[in-house]
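Down below is the structure, laid out as C-alpha cells.
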Amino acid sequence: MTALLAAANLSKRFAGLVAVDQVSFAVAASEIFAVIGPNGAGKTTLFAMIAGALAPDDGTVTFAGARIDGLTPDAVCRRGIARTFQIVRPFPALSVEDNVVIGALLRRADMPSARAHARAVLEMLDLADKRGAIASSLTLPDRKRLEVARALATDPKLLLLDEVMAGLRPTETDRMVAILKRLNRDTGMTILLIEHVMRAVMALASRVLVLHHGATIAQGAPEAVVREPAVIASYLGVEAAS
Amino acid sequence: MIALWRSVTPRGRIVIALTLAALLALPLAADRYVLSVLTLIFYFAYVGQAWNLMMGYAGQLSLGHALYVGVGGYVAALMWLKLGIGPWLGVFAAVAVASAFGAVIGWLGFRFGVAGVYFALLTIAFAEFTRIGFDHLELTGGAAGLFLPFEEKRMAEWWNLRGGQLLFYYLALALASGAVVLVALMARSRLGYRWRAVREDEVAARALGIDAFAVKMAAVIISSAMTAVGGVFYAFYYNNLFPSQVFEISRSIELILAPIVGGLGTVFGPVIGAFVLTPLGEALSAATTRLGIDAPGVKAVFYGVILIVIISALPNGVWPRLAALFGLKGRPP
C-alpha cells in the first residue's frame with residue numbers, strides 16, 4: 001500500500017489552544033478515509049491544513065510523493081486535491097453548469113470540452129436537469145451536490161469532503177452516500193471525508209481516524225473503531241446521550 | 001467571433017445590424033451638435049466598458065479610473081507635442097504607462113489583501129496623488145494645463161487625429177463597438193469565467209485552483225490599458241488637459257455611471273447606460289443655460305437622483321430588463 005496522502009505529526013496551535021496535536025495518518029489510493037470526532041476535536045483545522053487554507057505549525061503533509069504543507073489553496077488544488085466547504089460556497093449568480101465549468105476549466109483550456117466535462121459530472125451528481133438553474137436558487141441538498149460536482153470537475157486525485165452530509169435528511173444522506181460509493185467504485189477516486197453523520201461513515205469508509213481534543217484516540221476499520229471504549233466515551237456516547 | 005455572433009438571438013442580430021447601420025449613416029442627416037452628443041455617448045460607453053470589465057466581471061471596485069484616462073491622454077499628448085510622434089504610435093506608450101499604473105495599484109491592493117471598499121479608496125488615493133503631481137509637473141504645464149495646438153493646415157491629418165467632428169464621431173463609434181466585441185469575447189473565455197468566479201466567491205475560486213491574484217491583476221491591467229485608449233481619444237478630441245479636470249474624482253464617478261445604470265457585468269449595459277445618461281445630462285445643461293440659471297452642481301444632483309431611481313427600480317440595471325422585454329437575451333456566455 002503506497003499512501004497517496006500522508007500527514008506526519010501535524011500540529012496547529014491557536015493562541016495557546018492546541019487545535020491539532022501530532023496527528024499522523026495515511027490515505028491509500030482509491031480508499032475512502034473518514035475523520036470523525038466531537039465538535040471542537042480539530043477536524044476542520046486538520047482539513048484546512050491539508051487543503052492549504054492554514055499552514056501547520058509543525059509536521060508535514062505529503063501528497064503523491066511531494067510536500068504540500070504551506071502551499072496556497074489554489075496550488076494545492078492544481079496538485080490534484082479538490083475540496084468542498086462545510087458551509088457551501090456556490091458562485092451564487094452563475095448557473096449550475098457554469099459553476100461546474102469553472103472547475104472543469106482547470107485542466108481544460110477550451111470551452112467546448114470544459115462544458116462537456118461539466119455536463120458529464122453533473123450527470124454523475126444527479127444535477128443534469130438543474131444545470132440551467134441559478135445556483136442561489138438551489139435547495140441545500142442540491143447545493144451540497146453542486147459543491148461536490150464543482151470539486152470533481154477539476155479532475156482531482158483526492159477529493160476532500162468537509163461535512164458534506166451535514167443538514168441533509170436521511171434520504172438525501174443515502175443519495176449522497178450512493179453517489180460517492182459509485183464514484184469510488186467506478187473511477188477509483190480517493191476520498192477523505194470529515195463527517196458527523198455516523199451512518200454515512202459506516203457505509204462509506206474503509207478506515208476511520210477519531211480525533212478528540214486535537215489528538216488521535218483511535219484509528220482503524222470503522223466496525224472496530226466504534227467499539228473502542230475511548231471512542232464511545234468521548235464521541236459516540238455523547239451523541240447517544242444527547 | 002463567429003461563435004459570438006451565433007450566440008446572439010435572431011432578433012438581437014437584427015437590432016445590432018440596424019443600429020450600427022443607422023449610426024454609420026447618421027452623419028448624412030444629423031447636425032454637428034447631435035454628432036457631438038453621440039460622440040460623447042460612445043466615449044462613455046467605451047470607458048464604461050473598460051471599467052465594467054474590472055468591476056462587473058472581476059468584481060474589483062475602482063473609483064480612480066480617471067487616473068488612466070488622464071495618464072493615457074497626457075502621455076499621447078506629450079509625445080505629439082514634444083517628439084512629434086502621432087497618436088497612433090503614442091497610444092501604445094499611453095497604454096504601457098497607464099497599465100503600469102494599474103499594475104502597481106493592483107499589486108499593492110491584491111498582494112496585501114486590500115479588498116472591497118478599501119481597494120476603492122486605494123484607487124482614489126492614486127488618482128489624487130497623480131492629480132497633485134501633475135499640478136506641479138512643469139513638463140505638462142502644471143495646473144495651467146496642456147494644449148494641443150489647433151493648426152489649420154494640419155486639420156486634414158486624420159491619421160494624426162487632427163480633424164473635425166466627423167472623424168471623432170466615427171472613431172468613438174469604432175472604439176465603443178470594438179470594446180463591446182472585446183469584452184463579449186473575454187467574458188466567454190477561460191479568463192472571463194475565472195473573473196466571475198473571483199467576483200462571486202474568491203475563497204471558492206481559489207479552492208478550484210484559480211490563482212486569484214493573477215486573475216485580478218489581469219483585470220486591472222486590461223481595464224487600465226483600455227481606459228488609457230479612451231484618454232488618448234479625450235486628449236485629441238478636446239485638445240486640452242488640466243490636471244484638476246481629468247484626474248478629478250468626479251470624472252471617475254461620471255465614468256462608472258453608465259455601466260451601473262445600464263447593468264454591471266453585462267456586455268451591453270455600459271452602452272445602454274451611456275445612451276440613457278448622456279443625452280439626459282446634455283438636455284439638462286442646455287435647459288439650465290437657456291433658463292439662465294447658473295447652477296454648476298445641478299448635473300451632479302441630477303445624476304444622483306437618476307442613480308437612486310434606477311437602483312431602486314431596476315437593481316440589475318436597465319439592460320437586463322430591456323433584453324428580457326424584447327427577447328434580446330442571448331445564450332449566457
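Ordering of the C-alpha cells sets the chain letters (A, B, ...); residue numbers start at 1 within each chain; ligands are numbered from 1 in the order shown.
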Interface rows for chain B against chain A: nearest pair, Å to one decimal, 6 Å, only C-alpha atoms, as CSV:
```
residue,atom,partner,partner_atom,distance
B:Glu200,CA,A:Phe91,CA,5.1
B:Arg206,CA,A:Asp74,CA,4.6
B:Ala207,CA,A:Asp74,CA,5.5
B:Leu208,CA,A:Gly103,CA,5.6
B:Gly209,CA,A:Asp74,CA,3.9
B:Ile210,CA,A:Asp74,CA,5.6
B:Asp211,CA,A:Asp74,CA,5.9
```
Quick one: residues within 7 Å of Val197 in chain A, only C-alpha atoms counted, chain neighbours fewer than 3 positions away excluded, as a ChimeraX atom specification? /A:165,200-201
Can you pull out every residue within 12 Å of Leu280 in chain B, counting only C-alpha atoms, but drop anything in the same chain fewer than 2 positions away, and send it as a list in words?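 So the residues in contact are Val37, Ile41, Ala258, Gly273, Ala274, Phe275, Val276, Leu277, Thr278, Glu282, Ala283, Leu284, Ser285, Ala286, Ala287, Lys299, Ala300, Phe302, Tyr303 and Ile306 of chain B.
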Selection to disk with C-alpha atoms, as an mmCIF file, in the first residue's frame:
```cif
data_model
loop_
_atom_site.group_PDB
_atom_site.id
_atom_site.type_symbol
_atom_site.label_atom_id
_atom_site.label_comp_id
_atom_site.auth_asym_id
_atom_site.auth_seq_id
_atom_site.Cartn_x
_atom_site.Cartn_y
_atom_site.Cartn_z
ATOM 1 C CA VAL B 37 -23.595 64.292 -28.197
ATOM 2 C CA ILE B 41 -22.183 58.732 -25.665
ATOM 3 C CA ALA B 258 -23.196 54.284 -17.472
ATOM 4 C CA GLY B 273 -26.331 53.327 -19.773
ATOM 5 C CA ALA B 274 -24.420 55.861 -21.872
ATOM 6 C CA PHE B 275 -27.388 56.234 -24.245
ATOM 7 C CA VAL B 276 -29.681 56.889 -21.275
ATOM 8 C CA LEU B 277 -27.489 59.184 -19.188
ATOM 9 C CA THR B 278 -25.519 61.326 -21.622
ATOM 10 C CA GLU B 282 -26.841 67.273 -22.096
ATOM 11 C CA ALA B 283 -30.503 68.221 -22.135
ATOM 12 C CA LEU B 284 -30.295 69.355 -18.544
ATOM 13 C CA SER B 285 -27.233 71.511 -19.267
ATOM 14 C CA ALA B 286 -28.982 73.009 -22.272
ATOM 15 C CA ALA B 287 -32.145 73.692 -20.276
ATOM 16 C CA LYS B 299 -25.868 67.901 -13.232
ATOM 17 C CA ALA B 300 -24.356 66.045 -10.282
ATOM 18 C CA PHE B 302 -29.492 65.068 -11.346
ATOM 19 C CA TYR B 303 -27.165 62.086 -11.807
ATOM 20 C CA ILE B 306 -31.253 59.126 -11.615
#
```
I need the residues of range 69-204 of chain A that end up classed as helix (DSSP H, G or I) by DSSP on the backbone, written out as a PyMOL selection string. chain A and resi 73-79+96-104+111-124+128-130+135-137+140-152+170-187+198-204
Those same residues, written as an mmCIF file, in the first residue's frame with C-alpha atoms?
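See again.cif below for the written result:
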```cif
data_model
loop_
_atom_site.group_PDB
_atom_site.id
_atom_site.type_symbol
_atom_site.label_atom_id
_atom_site.label_comp_id
_atom_site.auth_asym_id
_atom_site.auth_seq_id
_atom_site.Cartn_x
_atom_site.Cartn_y
_atom_site.Cartn_z
ATOM 1 C CA PRO A 73 -5.225 26.653 -1.624
ATOM 2 C CA ASP A 74 -5.093 27.156 -5.394
ATOM 3 C CA ALA A 75 -1.693 25.485 -5.629
ATOM 4 C CA VAL A 76 -2.981 22.528 -3.589
ATOM 5 C CA CYS A 77 -5.901 22.182 -5.995
ATOM 6 C CA ARG A 78 -3.590 22.306 -9.002
ATOM 7 C CA ARG A 79 -1.591 19.450 -7.440
ATOM 8 C CA VAL A 96 -25.274 25.392 -12.013
ATOM 9 C CA GLU A 97 -23.476 24.414 -15.205
ATOM 10 C CA ASP A 98 -21.212 27.480 -15.187
ATOM 11 C CA ASN A 99 -20.290 26.740 -11.568
ATOM 12 C CA VAL A 100 -19.017 23.360 -12.676
ATOM 13 C CA VAL A 101 -17.479 24.688 -15.911
ATOM 14 C CA ILE A 102 -15.204 26.886 -13.784
ATOM 15 C CA GLY A 103 -13.922 23.759 -12.058
ATOM 16 C CA ALA A 104 -13.559 21.947 -15.387
ATOM 17 C CA MET A 111 -14.748 25.922 -23.579
ATOM 18 C CA PRO A 112 -16.469 23.109 -25.502
ATOM 19 C CA SER A 113 -14.521 20.350 -23.756
ATOM 20 C CA ALA A 114 -14.886 22.067 -20.352
ATOM 21 C CA ARG A 115 -18.624 22.285 -20.893
ATOM 22 C CA ALA A 116 -18.854 18.668 -21.994
ATOM 23 C CA HIS A 117 -16.911 17.571 -18.933
ATOM 24 C CA ALA A 118 -19.096 19.716 -16.658
ATOM 25 C CA ARG A 119 -22.221 18.070 -18.077
ATOM 26 C CA ALA A 120 -20.804 14.611 -17.522
ATOM 27 C CA VAL A 121 -20.013 15.472 -13.898
ATOM 28 C CA LEU A 122 -23.474 16.979 -13.367
ATOM 29 C CA GLU A 123 -24.952 13.760 -14.717
ATOM 30 C CA MET A 124 -22.998 11.779 -12.150
ATOM 31 C CA ALA A 128 -28.219 17.311 -15.021
ATOM 32 C CA ASP A 129 -31.823 18.525 -15.040
ATOM 33 C CA LYS A 130 -30.904 21.594 -12.951
ATOM 34 C CA ALA A 135 -27.011 28.374 -8.152
ATOM 35 C CA SER A 136 -28.564 30.605 -5.494
ATOM 36 C CA SER A 137 -31.990 29.129 -6.260
ATOM 37 C CA LEU A 140 -29.488 22.722 0.328
ATOM 38 C CA PRO A 141 -29.197 19.075 -0.828
ATOM 39 C CA ASP A 142 -28.702 20.268 -4.405
ATOM 40 C CA ARG A 143 -26.115 22.811 -3.304
ATOM 41 C CA LYS A 144 -24.230 20.128 -1.430
ATOM 42 C CA ARG A 145 -24.093 18.021 -4.576
ATOM 43 C CA LEU A 146 -23.131 21.067 -6.649
ATOM 44 C CA GLU A 147 -20.248 21.584 -4.243
ATOM 45 C CA VAL A 148 -19.064 18.027 -4.909
ATOM 46 C CA ALA A 149 -19.633 18.384 -8.671
ATOM 47 C CA ARG A 150 -17.557 21.547 -8.881
ATOM 48 C CA ALA A 151 -14.690 19.937 -6.976
ATOM 49 C CA LEU A 152 -14.864 16.773 -9.089
ATOM 50 C CA PRO A 170 -31.688 10.631 5.878
ATOM 51 C CA THR A 171 -32.965 10.014 2.327
ATOM 52 C CA GLU A 172 -30.690 12.739 0.988
ATOM 53 C CA THR A 173 -27.799 11.317 3.006
ATOM 54 C CA ASP A 174 -28.389 7.926 1.436
ATOM 55 C CA ARG A 175 -28.448 9.503 -2.004
ATOM 56 C CA MET A 176 -25.109 11.218 -1.367
ATOM 57 C CA VAL A 177 -23.631 8.014 0.038
ATOM 58 C CA ALA A 178 -24.738 6.126 -3.069
ATOM 59 C CA ILE A 179 -23.205 8.753 -5.352
ATOM 60 C CA LEU A 180 -19.891 8.742 -3.506
ATOM 61 C CA LYS A 181 -19.799 4.951 -3.430
ATOM 62 C CA ARG A 182 -20.431 4.787 -7.157
ATOM 63 C CA LEU A 183 -17.772 7.430 -7.793
ATOM 64 C CA ASN A 184 -15.229 5.478 -5.733
ATOM 65 C CA ARG A 185 -16.144 2.177 -7.348
ATOM 66 C CA ASP A 186 -16.292 3.380 -10.952
ATOM 67 C CA THR A 187 -13.360 5.812 -11.064
ATOM 68 C CA MET A 198 -22.203 8.067 11.537
ATOM 69 C CA ARG A 199 -24.493 6.152 9.206
ATOM 70 C CA ALA A 200 -22.663 7.691 6.273
ATOM 71 C CA VAL A 201 -19.257 6.996 7.769
ATOM 72 C CA MET A 202 -20.145 3.377 8.468
ATOM 73 C CA ALA A 203 -21.492 2.945 4.944
ATOM 74 C CA LEU A 204 -18.575 4.572 3.152
#
```
